[in-house]
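Heads up, coords_7.json below (JSON, C-alpha atoms):
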```
[["chain", "number", "residue", "atom", "x", "y", "z"],
["A", 1, "MET", "CA", 9.58, -24.10, 15.12],
["A", 2, "ASP", "CA", 7.75, -27.44, 15.32],
["A", 3, "ASN", "CA", 4.00, -26.97, 15.52],
["A", 4, "ALA", "CA", 3.53, -29.75, 18.02],
["A", 5, "SER", "CA", 5.64, -27.90, 20.60],
["A", 6, "ALA", "CA", 3.65, -24.67, 20.26],
["A", 7, "PRO", "CA", 1.17, -24.18, 23.11],
["A", 8, "SER", "CA", -2.54, -23.68, 22.29],
["A", 9, "GLN", "CA", -2.26, -23.92, 18.50],
["A", 10, "ALA", "CA", -3.87, -20.82, 16.97],
["A", 11, "PRO", "CA", -4.80, -21.24, 13.29],
["A", 12, "HIS", "CA", -2.20, -20.00, 10.81],
["A", 13, "ARG", "CA", -3.24, -16.86, 8.96],
["A", 14, "ALA", "CA", -2.16, -15.54, 5.59],
["A", 15, "GLY", "CA", -3.26, -12.70, 3.41],
["A", 16, "PHE", "CA", -2.53, -9.45, 1.64],
["A", 17, "ALA", "CA", -2.00, -5.98, 2.98],
["A", 18, "CYS", "CA", -1.25, -2.84, 1.02],
["A", 19, "PHE", "CA", 0.22, 0.45, 2.07],
["A", 20, "VAL", "CA", -1.31, 3.52, 0.54],
["A", 21, "GLY", "CA", -0.50, 7.18, 0.91],
["A", 22, "ARG", "CA", 0.74, 10.20, -0.92],
["A", 23, "PRO", "CA", 3.90, 9.77, -2.98],
["A", 24, "ASN", "CA", 6.96, 9.69, -0.69],
["A", 25, "ALA", "CA", 4.93, 8.88, 2.45],
["A", 26, "GLY", "CA", 7.38, 6.11, 3.38],
["A", 27, "LYS", "CA", 5.51, 3.12, 1.96],
["A", 28, "SER", "CA", 8.45, 1.38, 0.27],
["A", 29, "THR", "CA", 10.83, 1.98, 3.18],
["A", 30, "LEU", "CA", 8.26, 0.42, 5.52],
["A", 31, "THR", "CA", 7.82, -2.59, 3.21],
["A", 32, "ASN", "CA", 11.58, -3.15, 3.21],
["A", 33, "ALA", "CA", 11.79, -2.81, 7.01],
["A", 34, "LEU", "CA", 9.03, -5.39, 7.52],
["A", 35, "VAL", "CA", 10.46, -7.87, 5.03],
["A", 36, "GLY", "CA", 14.01, -7.22, 6.20],
["A", 37, "THR", "CA", 15.43, -7.14, 2.66],
["A", 38, "LYS", "CA", 15.51, -4.53, -0.05],
["A", 39, "VAL", "CA", 12.44, -5.42, -2.09],
["A", 40, "ALA", "CA", 10.51, -2.34, -3.09],
["A", 41, "ILE", "CA", 12.71, 0.40, -4.49],
["A", 42, "THR", "CA", 13.15, 3.41, -2.25],
["A", 43, "SER", "CA", 14.38, 6.77, -3.37],
["A", 44, "ASN", "CA", 14.09, 10.06, -1.56],
["A", 45, "ARG", "CA", 12.15, 11.38, -4.52],
["A", 46, "PRO", "CA", 8.42, 10.85, -4.87],
["A", 47, "GLN", "CA", 6.76, 8.62, -7.46],
["A", 48, "THR", "CA", 9.35, 5.93, -7.98],
["A", 49, "THR", "CA", 7.33, 2.77, -7.37],
["A", 50, "ARG", "CA", 5.53, 1.66, -10.50],
["A", 51, "HIS", "CA", 5.07, -2.02, -10.01],
["A", 52, "THR", "CA", 2.96, -3.68, -7.39],
["A", 53, "VAL", "CA", 6.01, -5.11, -5.68],
["A", 54, "ARG", "CA", 5.04, -7.65, -3.07],
["A", 55, "GLY", "CA", 7.20, -8.16, -0.04],
["A", 56, "ILE", "CA", 6.51, -11.27, 2.01],
["A", 57, "VAL", "CA", 6.80, -11.37, 5.80],
["A", 58, "HIS", "CA", 7.14, -14.96, 7.09],
["A", 59, "ARG", "CA", 6.14, -15.55, 10.72],
["A", 60, "PRO", "CA", 5.41, -18.76, 12.63],
["A", 61, "ASP", "CA", 1.76, -17.74, 13.06],
["A", 62, "ALA", "CA", 1.11, -15.84, 9.84],
["A", 63, "GLN", "CA", 2.33, -14.92, 6.40],
["A", 64, "LEU", "CA", 1.82, -11.32, 5.41],
["A", 65, "VAL", "CA", 2.07, -10.47, 1.71],
["A", 66, "LEU", "CA", 2.68, -6.77, 1.22],
["A", 67, "VAL", "CA", 1.45, -5.19, -1.95],
["A", 68, "ASP", "CA", 3.20, -1.90, -2.49],
["A", 69, "THR", "CA", 1.02, 0.33, -4.64],
["A", 70, "PRO", "CA", 2.22, 3.46, -6.42],
["A", 71, "GLY", "CA", 1.32, 6.69, -4.63],
["A", 72, "LEU", "CA", -2.19, 7.83, -5.47],
["A", 73, "HIS", "CA", -2.26, 11.35, -6.87],
["A", 74, "LYS", "CA", -4.30, 13.58, -9.14],
["A", 75, "PRO", "CA", -3.28, 12.35, -12.60],
["A", 76, "ARG", "CA", -1.69, 14.68, -15.15],
["A", 77, "THR", "CA", -0.77, 12.16, -17.83],
["A", 78, "LEU", "CA", -1.99, 8.86, -19.22],
["A", 79, "LEU", "CA", 0.67, 7.12, -17.11],
["A", 80, "GLY", "CA", -0.73, 8.88, -14.03],
["A", 81, "GLU", "CA", -4.23, 7.62, -14.79],
["A", 82, "ARG", "CA", -3.02, 4.06, -15.26],
["A", 83, "LEU", "CA", -1.18, 4.23, -11.94],
["A", 84, "ASN", "CA", -4.33, 5.39, -10.14],
["A", 85, "ASP", "CA", -6.35, 2.53, -11.66],
["A", 86, "VAL", "CA", -3.72, 0.10, -10.40],
["A", 87, "VAL", "CA", -4.12, 1.54, -6.90],
["A", 88, "ARG", "CA", -7.90, 1.19, -6.82],
["A", 89, "THR", "CA", -7.95, -2.37, -8.12],
["A", 90, "THR", "CA", -5.31, -3.27, -5.51],
["A", 91, "TRP", "CA", -7.34, -1.80, -2.65],
["A", 92, "ALA", "CA", -10.35, -3.86, -3.61],
["A", 93, "GLU", "CA", -8.40, -7.12, -3.39],
["A", 94, "VAL", "CA", -6.51, -6.92, -0.10],
["A", 95, "ASP", "CA", -7.32, -8.00, 3.47],
["A", 96, "VAL", "CA", -5.88, -4.97, 5.26],
["A", 97, "ILE", "CA", -5.08, -1.42, 4.12],
["A", 98, "GLY", "CA", -2.35, 0.59, 5.83],
["A", 99, "PHE", "CA", -2.66, 4.34, 5.22],
["A", 100, "CYS", "CA", 0.82, 5.91, 5.56],
["A", 101, "LEU", "CA", 0.97, 9.50, 6.80],
["A", 102, "PRO", "CA", 4.38, 11.07, 7.46],
["A", 103, "ALA", "CA", 4.74, 12.48, 10.99],
["A", 104, "ASP", "CA", 6.69, 15.50, 9.75],
["A", 105, "GLN", "CA", 4.00, 16.86, 7.41],
["A", 106, "LYS", "CA", 0.60, 18.24, 8.38],
["A", 107, "LEU", "CA", -2.37, 16.46, 6.79],
["A", 108, "GLY", "CA", -2.98, 18.04, 3.40],
["A", 109, "PRO", "CA", -5.46, 17.88, 0.53],
["A", 110, "GLY", "CA", -3.63, 14.84, -0.91],
["A", 111, "ASP", "CA", -4.21, 12.90, 2.32],
["A", 112, "ARG", "CA", -7.88, 13.91, 2.42],
["A", 113, "PHE", "CA", -8.29, 12.85, -1.20],
["A", 114, "ILE", "CA", -6.97, 9.36, -0.36],
["A", 115, "ALA", "CA", -8.91, 9.13, 2.92],
["A", 116, "GLY", "CA", -12.09, 9.97, 0.97],
["A", 117, "GLU", "CA", -11.39, 7.08, -1.40],
["A", 118, "LEU", "CA", -10.70, 4.78, 1.57],
["A", 119, "ALA", "CA", -13.97, 5.76, 3.23],
["A", 120, "ALA", "CA", -15.79, 4.27, 0.24],
["A", 121, "ILE", "CA", -14.20, 0.83, 0.82],
["A", 122, "LYS", "CA", -16.33, -0.38, 3.69],
["A", 123, "LYS", "CA", -15.37, -3.93, 4.60],
["A", 124, "THR", "CA", -11.57, -3.85, 4.60],
["A", 125, "PRO", "CA", -9.93, -2.99, 7.97],
["A", 126, "LYS", "CA", -7.78, 0.16, 7.77],
["A", 127, "ILE", "CA", -4.75, 0.99, 9.88],
["A", 128, "ALA", "CA", -3.42, 4.54, 9.99],
["A", 129, "ILE", "CA", 0.38, 4.31, 10.07],
["A", 130, "VAL", "CA", 2.27, 7.43, 11.09],
["A", 131, "THR", "CA", 5.67, 7.08, 9.38],
["A", 132, "LYS", "CA", 9.00, 8.89, 9.83],
["A", 133, "THR", "CA", 8.44, 9.42, 13.58],
["A", 134, "ASP", "CA", 12.23, 9.71, 13.98],
["A", 135, "LEU", "CA", 11.96, 13.19, 12.39],
["A", 136, "VAL", "CA", 9.65, 14.82, 14.97],
["A", 137, "ASP", "CA", 9.35, 15.50, 18.71],
["A", 138, "SER", "CA", 6.65, 13.90, 20.86],
["A", 139, "LYS", "CA", 4.39, 16.97, 20.84],
["A", 140, "THR", "CA", 4.28, 17.10, 17.01],
["A", 141, "LEU", "CA", 3.64, 13.35, 16.94],
["A", 142, "ALA", "CA", 0.75, 13.65, 19.43],
["A", 143, "GLU", "CA", -0.82, 16.42, 17.33],
["A", 144, "GLN", "CA", -0.57, 14.26, 14.20],
["A", 145, "LEU", "CA", -2.20, 11.28, 15.96],
["A", 146, "ILE", "CA", -5.12, 13.49, 17.06],
["A", 147, "ALA", "CA", -5.47, 15.00, 13.56],
["A", 148, "ILE", "CA", -5.65, 11.50, 12.03],
["A", 149, "HIS", "CA", -8.24, 10.38, 14.57],
["A", 150, "GLN", "CA", -10.34, 13.46, 13.71],
["A", 151, "LEU", "CA", -9.95, 12.89, 9.96],
["A", 152, "GLY", "CA", -11.40, 9.39, 10.47],
["A", 153, "GLU", "CA", -14.35, 10.76, 12.46],
["A", 154, "GLU", "CA", -15.05, 13.40, 9.82],
["A", 155, "LEU", "CA", -15.13, 10.93, 6.93],
["A", 156, "GLY", "CA", -16.69, 8.02, 8.79],
["A", 157, "ILE", "CA", -13.57, 5.83, 8.70],
["A", 158, "LYS", "CA", -13.17, 3.61, 11.72],
["A", 159, "TRP", "CA", -9.40, 3.08, 12.07],
["A", 160, "ALA", "CA", -8.65, -0.44, 13.27],
["A", 161, "GLU", "CA", -5.44, 1.01, 14.75],
["A", 162, "ILE", "CA", -3.38, 4.20, 14.62],
["A", 163, "VAL", "CA", 0.28, 3.23, 14.87],
["A", 164, "PRO", "CA", 3.38, 5.47, 14.88],
["A", 165, "VAL", "CA", 6.45, 3.80, 13.32],
["A", 166, "SER", "CA", 9.95, 4.65, 12.22],
["A", 167, "ALA", "CA", 11.16, 2.24, 9.56],
["A", 168, "VAL", "CA", 14.57, 3.89, 9.58],
["A", 169, "GLY", "CA", 14.97, 3.63, 13.36],
["A", 170, "ASP", "CA", 13.21, 0.23, 13.30],
["A", 171, "LYS", "CA", 10.75, 1.47, 15.93],
["A", 172, "GLN", "CA", 7.44, -0.40, 16.26],
["A", 173, "VAL", "CA", 7.89, -2.11, 12.89],
["A", 174, "SER", "CA", 7.41, -5.60, 14.36],
["A", 175, "LEU", "CA", 4.48, -4.29, 16.43],
["A", 176, "LEU", "CA", 2.84, -3.27, 13.16],
["A", 177, "ALA", "CA", 3.22, -6.86, 11.87],
["A", 178, "ASP", "CA", 1.74, -8.13, 15.17],
["A", 179, "LEU", "CA", -1.31, -5.91, 14.67],
["A", 180, "ILE", "CA", -1.85, -6.83, 11.02],
["A", 181, "ALA", "CA", -1.49, -10.62, 11.47],
["A", 182, "PRO", "CA", -4.79, -11.23, 13.34],
["A", 183, "MET", "CA", -6.68, -9.28, 10.67],
["A", 184, "LEU", "CA", -5.71, -11.79, 7.98],
["A", 185, "PRO", "CA", -7.95, -14.72, 7.05],
["A", 186, "GLU", "CA", -7.14, -18.21, 8.32],
["A", 187, "SER", "CA", -5.05, -19.85, 5.63],
["A", 188, "PRO", "CA", -1.92, -21.92, 5.10],
["A", 189, "PRO", "CA", 1.07, -19.92, 3.78],
["A", 190, "LEU", "CA", 0.47, -18.61, 0.26],
["A", 191, "TYR", "CA", 4.17, -18.61, -0.70],
["A", 192, "PRO", "CA", 7.09, -20.95, 0.07],
["A", 193, "GLU", "CA", 9.27, -20.02, 3.07],
["A", 194, "GLY", "CA", 12.23, -18.63, 1.12],
["A", 195, "ASP", "CA", 10.26, -16.26, -1.10],
["A", 196, "LEU", "CA", 10.59, -12.56, -0.42],
["A", 197, "THR", "CA", 8.65, -11.35, -3.41],
["A", 198, "ASP", "CA", 6.72, -12.83, -6.32],
["A", 199, "GLU", "CA", 7.81, -10.17, -8.79],
["A", 200, "PRO", "CA", 9.60, -11.75, -11.71],
["A", 201, "GLU", "CA", 13.34, -11.28, -11.25],
["A", 202, "GLN", "CA", 13.66, -9.26, -14.43],
["A", 203, "VAL", "CA", 11.22, -6.64, -13.17],
["A", 204, "MET", "CA", 13.05, -6.34, -9.86],
["A", 205, "VAL", "CA", 16.40, -6.03, -11.61],
["A", 206, "ALA", "CA", 14.95, -3.28, -13.82],
["A", 207, "GLU", "CA", 13.68, -1.47, -10.71],
["A", 208, "LEU", "CA", 17.10, -1.62, -9.03],
["A", 209, "ILE", "CA", 18.77, -0.17, -12.14],
["A", 210, "ARG", "CA", 16.10, 2.51, -12.33],
["A", 211, "GLU", "CA", 16.60, 3.41, -8.70],
["A", 212, "ALA", "CA", 20.35, 3.81, -9.21],
["A", 213, "ALA", "CA", 19.72, 5.91, -12.33],
["A", 214, "LEU", "CA", 17.41, 8.20, -10.35],
["A", 215, "GLU", "CA", 19.89, 8.85, -7.55],
["A", 216, "GLY", "CA", 21.85, 11.66, -9.12],
["A", 217, "VAL", "CA", 19.37, 13.36, -11.43],
["A", 218, "ARG", "CA", 17.87, 15.69, -8.87],
["A", 219, "ASP", "CA", 16.16, 18.11, -11.25],
["A", 220, "GLU", "CA", 14.99, 15.73, -13.94],
["A", 221, "LEU", "CA", 11.57, 14.18, -13.54],
["A", 222, "PRO", "CA", 11.87, 10.65, -12.20],
["A", 223, "HIS", "CA", 9.07, 9.62, -14.56],
["A", 224, "SER", "CA", 11.20, 10.22, -17.60],
["A", 225, "ILE", "CA", 13.31, 7.14, -16.87],
["A", 226, "ALA", "CA", 12.11, 3.61, -17.64],
["A", 227, "VAL", "CA", 14.28, 0.50, -17.61],
["A", 228, "VAL", "CA", 13.70, -2.67, -19.60],
["A", 229, "VAL", "CA", 15.82, -5.75, -19.01],
["A", 230, "GLU", "CA", 16.18, -7.26, -22.47],
["A", 231, "GLU", "CA", 17.76, -10.53, -21.36],
["A", 232, "MET", "CA", 19.30, -12.34, -18.41],
["A", 233, "LEU", "CA", 21.38, -15.35, -19.41],
["A", 234, "PRO", "CA", 23.95, -17.45, -17.55],
["A", 235, "ARG", "CA", 27.35, -17.07, -19.28],
["A", 236, "GLU", "CA", 28.25, -20.31, -21.04],
["A", 237, "ASP", "CA", 31.48, -22.26, -20.44],
["A", 238, "ARG", "CA", 31.77, -21.11, -16.82],
["A", 239, "PRO", "CA", 32.85, -23.61, -14.15],
["A", 240, "LYS", "CA", 29.97, -24.64, -11.83],
["A", 241, "ASP", "CA", 31.47, -22.87, -8.82],
["A", 242, "LYS", "CA", 32.06, -19.61, -10.74],
["A", 243, "PRO", "CA", 28.78, -18.76, -12.48],
["A", 244, "LEU", "CA", 28.25, -15.39, -14.14],
["A", 245, "LEU", "CA", 24.93, -13.92, -15.18],
["A", 246, "ASP", "CA", 24.88, -11.61, -18.20],
["A", 247, "ILE", "CA", 22.21, -8.91, -17.92],
["A", 248, "HIS", "CA", 21.48, -6.62, -20.87],
["A", 249, "ALA", "CA", 19.28, -3.66, -20.04],
["A", 250, "ASN", "CA", 18.13, -0.45, -21.70],
["A", 251, "VAL", "CA", 17.53, 2.78, -19.84],
["A", 252, "TYR", "CA", 14.86, 4.72, -21.73],
["A", 253, "ILE", "CA", 14.49, 8.49, -21.53],
["A", 254, "GLU", "CA", 12.06, 10.77, -23.32],
["A", 255, "ARG", "CA", 14.31, 13.32, -25.01],
["A", 256, "PRO", "CA", 17.78, 13.27, -26.56],
["A", 257, "SER", "CA", 18.76, 16.19, -24.29],
["A", 258, "GLN", "CA", 18.38, 13.88, -21.26],
["A", 259, "LYS", "CA", 20.91, 11.42, -22.64],
["A", 260, "GLY", "CA", 23.94, 13.43, -21.56],
["A", 261, "ILE", "CA", 22.53, 13.80, -18.06],
["A", 262, "ILE", "CA", 22.21, 10.05, -17.58],
["A", 263, "ILE", "CA", 25.54, 9.20, -19.20],
["A", 264, "GLY", "CA", 27.50, 11.99, -17.48],
["A", 265, "PRO", "CA", 30.88, 13.46, -18.42],
["A", 266, "LYS", "CA", 32.93, 10.74, -20.17],
["A", 267, "GLY", "CA", 30.28, 8.18, -19.21],
["A", 268, "ALA", "CA", 31.03, 8.56, -15.49],
["A", 269, "ARG", "CA", 27.39, 8.67, -14.33],
["A", 270, "LEU", "CA", 26.32, 5.62, -16.28],
["A", 271, "LYS", "CA", 29.32, 3.72, -14.93],
["A", 272, "GLU", "CA", 28.33, 4.72, -11.41],
["A", 273, "VAL", "CA", 24.72, 3.61, -12.06],
["A", 274, "GLY", "CA", 26.04, 0.27, -13.30],
["A", 275, "MET", "CA", 28.28, -0.27, -10.27],
["A", 276, "LYS", "CA", 25.61, 0.69, -7.76],
["A", 277, "SER", "CA", 22.82, -1.37, -9.29],
["A", 278, "ARG", "CA", 25.11, -4.35, -9.89],
["A", 279, "LYS", "CA", 25.85, -4.58, -6.15],
["A", 280, "HIS", "CA", 22.14, -4.65, -5.32],
["A", 281, "ILE", "CA", 21.35, -7.09, -8.15],
["A", 282, "GLU", "CA", 24.08, -9.49, -7.01],
["A", 283, "ALA", "CA", 22.73, -9.34, -3.46],
["A", 284, "LEU", "CA", 19.21, -10.00, -4.73],
["A", 285, "LEU", "CA", 20.08, -12.89, -7.06],
["A", 286, "GLY", "CA", 22.99, -14.28, -5.04],
["A", 287, "THR", "CA", 25.25, -14.61, -8.08],
["A", 288, "PRO", "CA", 27.97, -12.50, -9.79],
["A", 289, "VAL", "CA", 26.57, -10.37, -12.58],
["A", 290, "TYR", "CA", 27.92, -8.74, -15.72],
["A", 291, "LEU", "CA", 25.70, -5.74, -16.40],
["A", 292, "ASP", "CA", 25.52, -4.23, -19.87],
["A", 293, "LEU", "CA", 23.63, -0.89, -19.85],
["A", 294, "HIS", "CA", 22.54, 1.21, -22.81],
["A", 295, "VAL", "CA", 20.70, 4.53, -22.84],
["A", 296, "LYS", "CA", 17.99, 4.93, -25.49],
["A", 297, "VAL", "CA", 15.50, 7.64, -26.36],
["A", 298, "ALA", "CA", 11.80, 6.67, -26.47],
["A", 299, "LYS", "CA", 10.14, 9.90, -27.46],
["A", 300, "ASP", "CA", 7.48, 11.11, -24.99],
["A", 301, "TRP", "CA", 6.82, 7.57, -23.83],
["A", 302, "GLN", "CA", 4.63, 8.67, -20.92],
["A", 303, "ARG", "CA", 1.90, 9.92, -23.24],
["A", 304, "ASP", "CA", 2.07, 7.22, -25.88],
["A", 305, "PRO", "CA", -0.06, 4.10, -25.22],
["A", 306, "LYS", "CA", 2.03, 1.96, -27.60],
["A", 307, "GLN", "CA", 5.29, 2.85, -25.86],
["A", 308, "LEU", "CA", 3.68, 2.44, -22.41],
["A", 309, "ARG", "CA", 2.72, -1.12, -23.31],
["A", 310, "LYS", "CA", 6.19, -1.89, -24.60],
["A", 311, "LEU", "CA", 7.73, -0.57, -21.39],
["A", 312, "GLY", "CA", 5.42, -2.72, -19.30],
["A", 313, "PHE", "CA", 2.60, -0.38, -18.22]]
```
Show how you would write the structure in this file as structure tokens.
Amino acid sequence: MDNASAPSQAPHRAGFACFVGRPNAGKSTLTNALVGTKVAITSNRPQTTRHTVRGIVHRPDAQLVLVDTPGLHKPRTLLGERLNDVVRTTWAEVDVIGFCLPADQKLGPGDRFIAGELAAIKKTPKIAIVTKTDLVDSKTLAEQLIAIHQLGEELGIKWAEIVPVSAVGDKQVSLLADLIAPMLPESPPLYPEGDLTDEPEQVMVAELIREAALEGVRDELPHSIAVVVEEMLPREDRPKDKPLLDIHANVYIERPSQKGIIIGPKGARLKEVGMKSRKHIEALLGTPVYLDLHVKVAKDWQRDPKQLRKLGF
């Protein structure tokens, strides 16, 4: 839209917002719904987001950069502590904080723990976002809205807004963007129009593979999978109109006993992981991909600082 034709030109705004909440509170799904593309990885198992994946919402009047933090939780391992540090530094650097609370779960100690941390951050406006409203009736939703209002009063948090949304049913998602936009500072766009995320492509590709690897391993801990993309290279000698990208990636697990679970009978699971993630990677990069996956054991990597660094934490 040409600026000259827009009536009463309001200044363009741009800034950062982050969604916080217990693991599995619907933060990544909401990020994807706002951006309109699969950016943050979503899995119906808690604790899958490890990187601060930024989704970018482009609007004529504003650009909203979403920083998707890992779920804050009481840490049990070194990895857990690092994740919590990431969350706190993120909160200190954003313009708006959205606190995600699922409509289908009563407020619990985890929510209070986070709200207590939020209460200590005075200047940043905070929006309470009630997610997954498609799963409850209106009475349950009303009770949740009242409970959240009371939680704010108790802890001295002044909610800028309390908004119910359903990212899955696409209810009120654009309203949420309308509410956040005026809270951002006046600024030209921070990213070019076409950008959806500033995560390096390799990290996003690794996340998509990791998400596919998590799908079927219901009982294994999601934390015991890490993916490192070793290289991404265009295949040589390909005609211009038929490019192919070679991606070599390693799926790391903690114990040899987990290897069979990931690979599956006669390699069937790993093949499935490859097919699934390749589809998403091709959609993300817009080019055909040859994906070469290997499963490796990195013993107890979650507790070993050297391994954590190697795997990007």
TODO: Find the residue from A:Ala17, A:Thr131, A:Val65, A:Lys106 that sits nearest to Glu93 in chain A; use only C-alpha atoms when measuring.
DONE: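 Answer, going by the shortest atom-to-atom distance: A:Ala17.
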Task: Counting only C-alpha atoms, the residue of A:Ala167, A:Val229, A:Leu34, A:Leu151 that sits nearest Leu135 in chain A - done: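 The shortest atom-to-atom distance to Leu135 in chain A comes from A:Ala167.
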Task: Atom pair CA of Leu78 in chain A / CA of Asp95 in chain A: separation (Å) - done: 28.8 Å
- [ ] Report the distance between CA of Ala119 in chain A and CA of Leu184 in chain A in Å, rounded to one decimal place.
- [x]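 Interatomic distance, CA of Ala119 in chain A to CA of Leu184 in chain A: 20.0 Å.
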- [ ] Can you pull out every residue within 12 Å of Lys123 in chain A, counting all atoms listed in the file, but drop anything in the same chain fewer than 5 positions away, and send it as a VMD selection string?
- [x] chain A and resid 91 to 97 118 157 to 160 183
- [ ] Report the distance between CA of Lys126 in chain A and CA of Asp170 in chain A in Å, rounded to one decimal place.
- [x]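 Going from CA of Lys126 in chain A over to CA of Asp170 in chain A, I get 21.7 Å.
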So which residues touch Glu230 in chain A within 8 Å, counting all atoms listed in the file, skipping near sequence neighbours fewer than 6 positions away, as a PDB file with C-alpha atoms, in the coordinates of the input?
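Below is the file part02.pdb, written as the result:
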```pdb
ATOM      1  CA  ILE A 247      22.210  -8.910 -17.920  1.00  0.00           C
ATOM      2  CA  HIS A 248      21.480  -6.620 -20.870  1.00  0.00           C
ATOM      3  CA  ALA A 249      19.280  -3.660 -20.040  1.00  0.00           C
ATOM      4  CA  ASN A 250      18.130  -0.450 -21.700  1.00  0.00           C
TER       5      ASN A 250
END
```
Open item on the list: Calculated over all atoms listed in the file, which of the candidates A:Lys139, A:Lys266, A:Lys299, A:His12 has the smallest distance to Asp104 in chain A?
Closed with: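 The closest residue to Asp104 in chain A is A:Lys139.
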Open item on the list: At a cut-off of 12 Å, using all atoms listed in the file, what residues contact Gln172 in chain A? Leave out same-chain residues fewer than 3 positions from it and give the result as a PyMOL selection string.
Closed with: chain A and resi 30+33-34+129-134+162-169+175-179
